[in-house]
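This is run-v4.cif. It holds mmCIF, C-alpha atoms.
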data_target
#
loop_
_atom_site.label_atom_id
_atom_site.label_comp_id
_atom_site.auth_asym_id
_atom_site.auth_seq_id
_atom_site.Cartn_x
_atom_site.Cartn_y
_atom_site.Cartn_z
CA MET A 1 222.98 202.13 200.18
CA GLN A 2 222.09 198.51 199.52
CA VAL A 3 224.97 196.47 198.13
CA GLY A 4 224.09 195.55 194.58
CA LEU A 5 225.57 194.77 191.21
CA SER A 6 227.46 198.05 190.82
CA HIS A 7 229.32 197.52 194.10
CA PHE A 8 230.75 194.26 192.81
CA LEU A 9 231.54 195.83 189.42
CA ILE A 10 233.38 198.76 191.02
CA LEU A 11 235.39 196.40 193.23
CA ALA A 12 236.33 194.36 190.15
CA ALA A 13 237.33 197.55 188.29
CA LEU A 14 239.62 198.54 191.18
CA LEU A 15 241.18 195.07 191.27
CA PHE A 16 241.70 195.26 187.51
CA ALA A 17 243.44 198.63 187.82
CA LEU A 18 245.71 197.32 190.60
CA GLY A 19 246.61 194.29 188.49
CA LEU A 20 247.36 196.59 185.57
CA VAL A 21 249.74 198.63 187.76
CA ALA A 22 251.56 195.43 188.73
CA VAL A 23 251.83 194.28 185.11
CA ILE A 24 253.17 197.64 183.96
CA THR A 25 255.59 198.52 186.75
CA LYS A 26 257.14 195.29 188.01
CA ARG A 27 260.49 194.18 186.67
CA ASN A 28 260.33 190.66 188.09
CA ALA A 29 258.56 188.25 185.74
CA VAL A 30 256.90 186.33 188.58
CA THR A 31 255.28 189.46 190.01
CA VAL A 32 254.05 190.38 186.53
CA LEU A 33 252.37 186.96 186.48
CA MET A 34 250.75 187.75 189.83
CA GLY A 35 249.34 190.92 188.27
CA VAL A 36 247.89 188.88 185.40
CA GLU A 37 246.22 186.56 187.90
CA LEU A 38 244.73 189.60 189.67
CA ILE A 39 243.26 190.82 186.36
CA LEU A 40 241.79 187.37 185.62
CA ASN A 41 240.20 187.30 189.07
CA ALA A 42 238.64 190.71 188.48
CA ALA A 43 237.14 189.52 185.19
CA ASN A 44 235.83 186.38 186.85
CA LEU A 45 234.21 188.41 189.61
CA ASN A 46 232.35 190.34 186.92
CA PHE A 47 231.09 187.13 185.33
CA ILE A 48 229.75 185.79 188.61
CA ALA A 49 228.16 189.11 189.61
CA PHE A 50 226.38 189.42 186.26
CA ALA A 51 225.22 185.81 186.48
CA ARG A 52 223.77 186.50 189.91
CA TYR A 53 222.07 189.82 189.31
CA LEU A 54 221.09 189.86 185.63
CA ASP A 55 220.70 186.33 184.31
CA HIS A 56 219.76 184.18 187.29
CA ASP A 57 221.21 181.13 185.57
CA LEU A 58 224.53 179.36 185.85
CA ASP A 59 226.07 180.20 182.46
CA GLY A 60 228.30 182.85 184.02
CA GLN A 61 229.56 180.37 186.60
CA VAL A 62 230.45 177.84 183.89
CA ILE A 63 232.44 180.54 182.09
CA GLY A 64 234.07 181.32 185.44
CA ILE A 65 235.22 177.70 185.73
CA PHE A 66 236.71 177.89 182.24
CA VAL A 67 238.54 181.10 183.16
CA ILE A 68 240.05 179.41 186.24
CA ILE A 69 241.19 176.44 184.13
CA ILE A 70 242.79 178.71 181.54
CA ALA A 71 244.50 180.71 184.29
CA ALA A 72 246.03 177.49 185.60
CA ALA A 73 247.31 176.51 182.14
CA ASN A 74 248.57 180.06 181.64
CA VAL A 75 250.57 180.15 184.85
CA ALA A 76 252.08 176.69 184.27
CA VAL A 77 253.43 177.59 180.81
CA ALA A 78 254.54 181.06 181.89
CA LEU A 79 256.48 179.72 184.87
CA ALA A 80 258.20 177.16 182.66
CA ILE A 81 259.30 180.01 180.39
CA VAL A 82 260.44 182.06 183.40
CA LEU A 83 262.55 179.17 184.70
CA ASN A 84 264.10 178.75 181.27
CA ILE A 85 264.93 182.46 181.11
CA TYR A 86 266.50 182.20 184.56
CA GLN A 87 268.67 179.28 183.48
CA ARG A 88 269.96 181.25 180.52
CA LEU A 89 270.33 184.74 181.94
CA ARG A 90 270.59 184.06 185.73
CA SER A 91 267.94 186.74 186.18
CA VAL A 92 264.18 187.05 185.81
CA ASN A 93 264.08 190.78 185.20
CA LEU A 94 261.98 191.32 182.12
CA ASP A 95 264.01 194.26 180.80
CA GLU A 96 267.12 192.10 180.67
CA ALA A 97 265.49 189.44 178.48
CA ASP A 98 265.82 191.57 175.36
CA SER A 99 267.81 189.35 173.00
CA LEU A 100 264.87 189.28 170.56
CA ALA A 101 264.81 193.08 170.40
CA GLY A 102 266.39 194.40 167.22
CA MET B 1 222.75 197.71 206.89
CA THR B 2 222.20 194.00 206.54
CA THR B 3 224.65 191.22 207.27
CA PHE B 4 225.19 190.82 203.53
CA ASP B 5 226.27 194.44 203.17
CA LEU B 6 228.54 194.23 206.20
CA MET B 7 230.20 191.06 204.89
CA PHE B 8 230.68 192.69 201.49
CA TYR B 9 232.37 195.78 202.89
CA VAL B 10 234.62 193.79 205.23
CA ILE B 11 235.74 191.41 202.47
CA ALA B 12 236.12 194.19 199.90
CA GLY B 13 238.24 196.30 202.26
CA ALA B 14 240.49 193.38 203.15
CA MET B 15 240.83 192.50 199.46
CA LEU B 16 241.76 196.00 198.38
CA VAL B 17 244.35 196.32 201.17
CA SER B 18 245.97 192.99 200.35
CA ALA B 19 245.88 193.71 196.60
CA ALA B 20 247.64 197.01 197.31
CA VAL B 21 250.25 195.11 199.34
CA MET B 22 250.66 192.78 196.38
CA VAL B 23 251.11 195.65 193.93
CA PHE B 24 253.16 198.12 195.95
CA GLY B 25 255.08 195.81 198.29
CA ARG B 26 258.82 195.65 197.77
CA ASN B 27 259.50 192.13 199.00
CA ILE B 28 258.33 189.43 196.60
CA ILE B 29 257.22 187.14 199.42
CA TYR B 30 254.99 189.94 200.76
CA ASN B 31 253.57 190.27 197.24
CA ALA B 32 252.70 186.57 197.24
CA VAL B 33 251.06 186.77 200.67
CA GLY B 34 249.02 189.78 199.56
CA LEU B 35 247.90 187.82 196.51
CA LEU B 36 246.94 184.90 198.78
CA PHE B 37 244.56 187.04 200.83
CA THR B 38 243.15 188.61 197.67
CA PHE B 39 242.31 185.14 196.32
CA ILE B 40 240.67 184.18 199.61
CA GLY B 41 238.65 187.40 199.49
CA VAL B 42 237.47 186.62 195.96
CA ALA B 43 236.35 183.18 197.19
CA GLY B 44 234.40 184.92 199.97
CA LEU B 45 232.69 187.17 197.42
CA TYR B 46 231.76 184.09 195.37
CA VAL B 47 230.04 182.72 198.47
CA LEU B 48 228.16 186.01 198.86
CA LEU B 49 227.09 185.75 195.21
CA GLY B 50 225.75 182.24 195.69
CA ALA B 51 228.48 180.46 193.73
CA ASP B 52 229.41 177.82 196.27
CA PHE B 53 231.10 175.39 193.90
CA LEU B 54 233.12 178.17 192.32
CA ALA B 55 234.26 179.38 195.76
CA ALA B 56 235.56 175.89 196.55
CA THR B 57 237.24 175.73 193.14
CA GLN B 58 238.83 179.12 193.75
CA MET B 59 240.28 177.94 197.05
CA LEU B 60 241.53 174.65 195.61
CA ILE B 61 243.01 175.86 192.33
CA TYR B 62 244.10 179.42 193.05
CA VAL B 63 245.14 179.19 196.69
CA GLY B 64 246.22 175.56 196.60
CA GLY B 65 247.64 175.38 193.10
CA ILE B 66 248.48 178.59 191.32
CA LEU B 67 249.83 180.41 194.35
CA VAL B 68 252.05 177.47 195.34
CA LEU B 69 253.28 177.31 191.74
CA LEU B 70 254.08 181.04 191.83
CA LEU B 71 255.94 180.60 195.12
CA PHE B 72 257.95 177.78 193.56
CA GLY B 73 258.75 180.17 190.72
CA VAL B 74 260.02 182.67 193.30
CA MET B 75 262.08 180.05 195.14
CA LEU B 76 263.67 178.67 191.98
CA SER B 77 264.52 182.01 190.43
CA GLN B 78 265.81 184.05 193.38
CA LYS B 79 268.89 183.80 195.46
CA ILE B 80 267.07 183.01 198.69
CA THR B 81 270.10 183.36 200.94
CA GLY B 82 271.08 186.72 199.51
CA LEU B 83 269.19 189.94 199.87
CA VAL B 84 267.85 189.89 196.31
CA MET B 85 264.26 189.13 197.35
CA ARG B 86 263.30 192.63 196.31
CA THR B 87 261.40 193.28 193.15
CA GLY B 88 262.30 196.41 191.25
CA THR B 89 259.73 198.71 189.74
CA LEU B 90 259.81 200.99 186.76
CA GLN B 91 257.81 204.12 185.95
CA VAL B 92 255.60 203.83 189.02
CA LEU B 93 254.10 207.31 188.97
CA PRO B 94 253.01 207.37 185.29
CA ALA B 95 251.63 203.83 185.58
CA VAL B 96 249.62 204.70 188.68
CA ILE B 97 248.23 207.81 186.99
CA VAL B 98 247.23 205.90 183.84
CA CYS B 99 245.67 203.02 185.77
CA ALA B 100 243.80 205.41 188.09
CA GLY B 101 242.43 207.02 184.93
CA VAL B 102 241.34 203.63 183.60
CA ALA B 103 239.68 202.81 186.92
CA ALA B 104 237.94 206.20 186.98
CA ILE B 105 236.58 205.68 183.45
CA LEU B 106 235.36 202.17 184.32
CA ILE B 107 233.68 203.31 187.55
CA ARG B 108 232.04 206.25 185.81
CA LEU B 109 230.77 203.86 183.14
CA ILE B 110 229.43 201.45 185.74
CA LEU B 111 227.69 204.20 187.71
CA SER B 112 226.20 205.90 184.65
CA ASN B 113 224.70 202.69 183.34
CA ASP B 114 221.22 201.76 184.49
CA TRP B 115 221.65 198.02 184.96
CA ALA B 116 218.48 196.01 184.43
CA VAL B 117 218.87 194.31 187.79
CA THR B 118 216.05 192.04 188.77
CA LYS B 119 215.60 190.61 192.19
CA PRO B 120 217.93 187.63 192.63
CA PRO B 121 216.17 184.38 193.48
CA GLU B 122 216.87 182.35 196.58
CA LEU B 123 220.24 180.64 196.68
CA PRO B 124 220.10 177.03 195.51
CA ALA B 125 223.08 174.68 195.63
CA THR B 126 224.83 175.00 192.30
CA THR B 127 227.08 171.93 192.09
CA ALA B 128 224.66 169.44 190.55
CA THR B 129 223.36 171.96 188.01
CA LEU B 130 226.89 172.96 187.05
CA GLY B 131 227.83 169.32 186.46
CA THR B 132 224.79 168.80 184.25
CA LEU B 133 225.56 171.97 182.29
CA LEU B 134 229.19 170.98 181.77
CA LEU B 135 228.19 167.64 180.28
CA SER B 136 225.25 168.89 178.20
CA ASP B 137 225.23 172.50 176.97
CA TYR B 138 228.95 173.10 177.46
CA LEU B 139 230.23 169.68 176.39
CA ILE B 140 232.34 170.93 173.46
CA PRO B 141 234.07 173.76 175.39
CA PHE B 142 234.59 171.34 178.28
CA GLU B 143 236.40 168.84 176.06
CA ILE B 144 238.39 171.56 174.29
CA VAL B 145 239.53 173.05 177.57
CA SER B 146 240.62 169.64 178.84
CA ILE B 147 242.74 169.14 175.70
CA LEU B 148 244.12 172.65 176.22
CA LEU B 149 245.04 171.86 179.81
CA LEU B 150 246.76 168.63 178.79
CA ALA B 151 248.69 170.35 176.01
CA ALA B 152 249.68 173.23 178.32
CA LEU B 153 250.97 170.90 181.04
CA VAL B 154 252.91 168.70 178.62
CA GLY B 155 254.34 171.83 177.00
CA ALA B 156 255.26 173.32 180.38
CA ALA B 157 257.06 170.14 181.40
CA TYR B 158 258.90 170.13 178.10
CA ILE B 159 259.92 173.80 178.26
CA ALA B 160 261.02 173.71 181.90
CA ARG B 161 263.25 170.67 181.33
CA ARG B 162 266.95 171.43 181.43
CA GLU B 163 268.40 171.15 177.96
CA SER B 164 270.99 168.45 177.51
CA ARG B 165 273.86 169.94 175.61
#

Show how you would write the structure in this file as structure tokens.
Amino acid sequence: MQVGLSHFLILAALLFALGLVAVITKRNAVTVLMGVELILNAANLNFIAFARYLDHDLDGQVIGIFVIIIAAANVAVALAIVLNIYQRLRSVNLDEADSLAG
Amino acid sequence: MTTFDLMFYVIAGAMLVSAAVMVFGRNIIYNAVGLLFTFIGVAGLYVLLGADFLAATQMLIYVGGILVLLLFGVMLSQKITGLVMRTGTLQVLPAVIVCAGVAAILIRLILSNDWAVTKPPELPATTATLGTLLLSDYLIPFEIVSILLLAALVGAAYIARRESR
């Protein structure tokens, strides 16, 4: 079977599901961030595949660049928060950072 | 099977294996290495899809920037000399079942849809066109995202600073 749009979409769906597993199950905040990056990559792959097979223009690639930029901003702020949590609690396990829970 | 198909299957297989290492690996350094190869695989798929500039951006920003930042996060928040490099997991079996369900629904949706695929044109170089688009049609989002990036980096530097008490 010729590799086409649906192959790329299925691969992105599998990557998304794997990232979701990491976000749900991991206790370490840094690995949760890795899962978020995996999900963003899956979404980006969809954008590029659609731009290639359906639109034939570069709009999808421009959106892909924006997604990469926002992922970079996202990971910078999140890591700053993680380091701050570590300084306060000496741990980056997410279930121990519960002082806001009622 | 053409070269394109072969390349796709090789890259996709390597990506899925390394993503599984990233998700199910116990050692956090192994997770980071799995993520590294997943990012490289995504860059390879961008090349297959004709997005040459985006593949280079992926390598520079994800592999060169975000992954190094994540590794710094690991180094600064773990006791490297101890044995606490493990990352605990919670509720693995229910999460895997739910996410497999989500993936099954998505794949069923993708396969049941009759995508209006038209034959892709020949691959032109995209960099010049992307630059023109960013400074014409996408000028406002481009400027907004640059302000966002500046604000995020200043905010990150401010948050990560040790408080003087």

### Task
Would you kindly report the residues of chain A within 6 Å of chain B, using all atoms listed in the file, as a PyMOL selection string?
chain A and resi 3+10+13+17+21-22+25-28+53-54+73+77+80+84

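Distance-wise, CA of Val92 in chain A and CA of Ala29 in chain A end up 5.7 Å apart.
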
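Across the model, the gap from CA of Ile70 in chain A to CA of Leu5 in chain A is 25.5 Å.
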
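Distance check against Pro124 in chain B using only C-alpha atoms: of A:Met1, A:Val36, A:Leu18, A:Leu58, the minimum falls on A:Leu58.
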
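Taking all atoms listed in the file into account, Val47 in chain B lies nearest to A:Ala49 out of the set A:Ala49, A:Ile81, A:Leu40, A:Leu94.
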
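Computed from the coordinates, the CA of Glu143 in chain B to CA of Asn74 in chain A distance equals 17.5 Å.
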
With 6 Å on each side, where is the centre of the axis-aligned box around all listed atoms of range 3-6 of chain B, and how long are its edges in Å to one decimal, as JSON?
{"center_x": 226.6, "center_y": 192.6, "center_z": 205.2, "size_x": 15.9, "size_y": 15.6, "size_z": 16.1}

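Nearest to Ile68 in chain A of all the residues A:Ala42, A:His56, A:Thr31, A:Ala51 is A:Ala42, based on only C-alpha atoms.
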
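In terms of minimum interatomic distance to Ala71 in chain A, A:Ile39 ranks closest within A:Ala12, A:Ile39, A:Val23, A:Ala101, counting all atoms listed in the file.
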
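If you measure from each of A:Ile85, A:Arg52, A:Asp95, A:Glu37 to Val67 in chain A using only C-alpha atoms, the closest one turns out to be A:Glu37.
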
### Task
Rank nothing, just name the residue among B:Val33, B:Ala128, B:Met7, B:Val17 nearest to Met34 in chain A, using all atoms listed in the file.
B:Val33
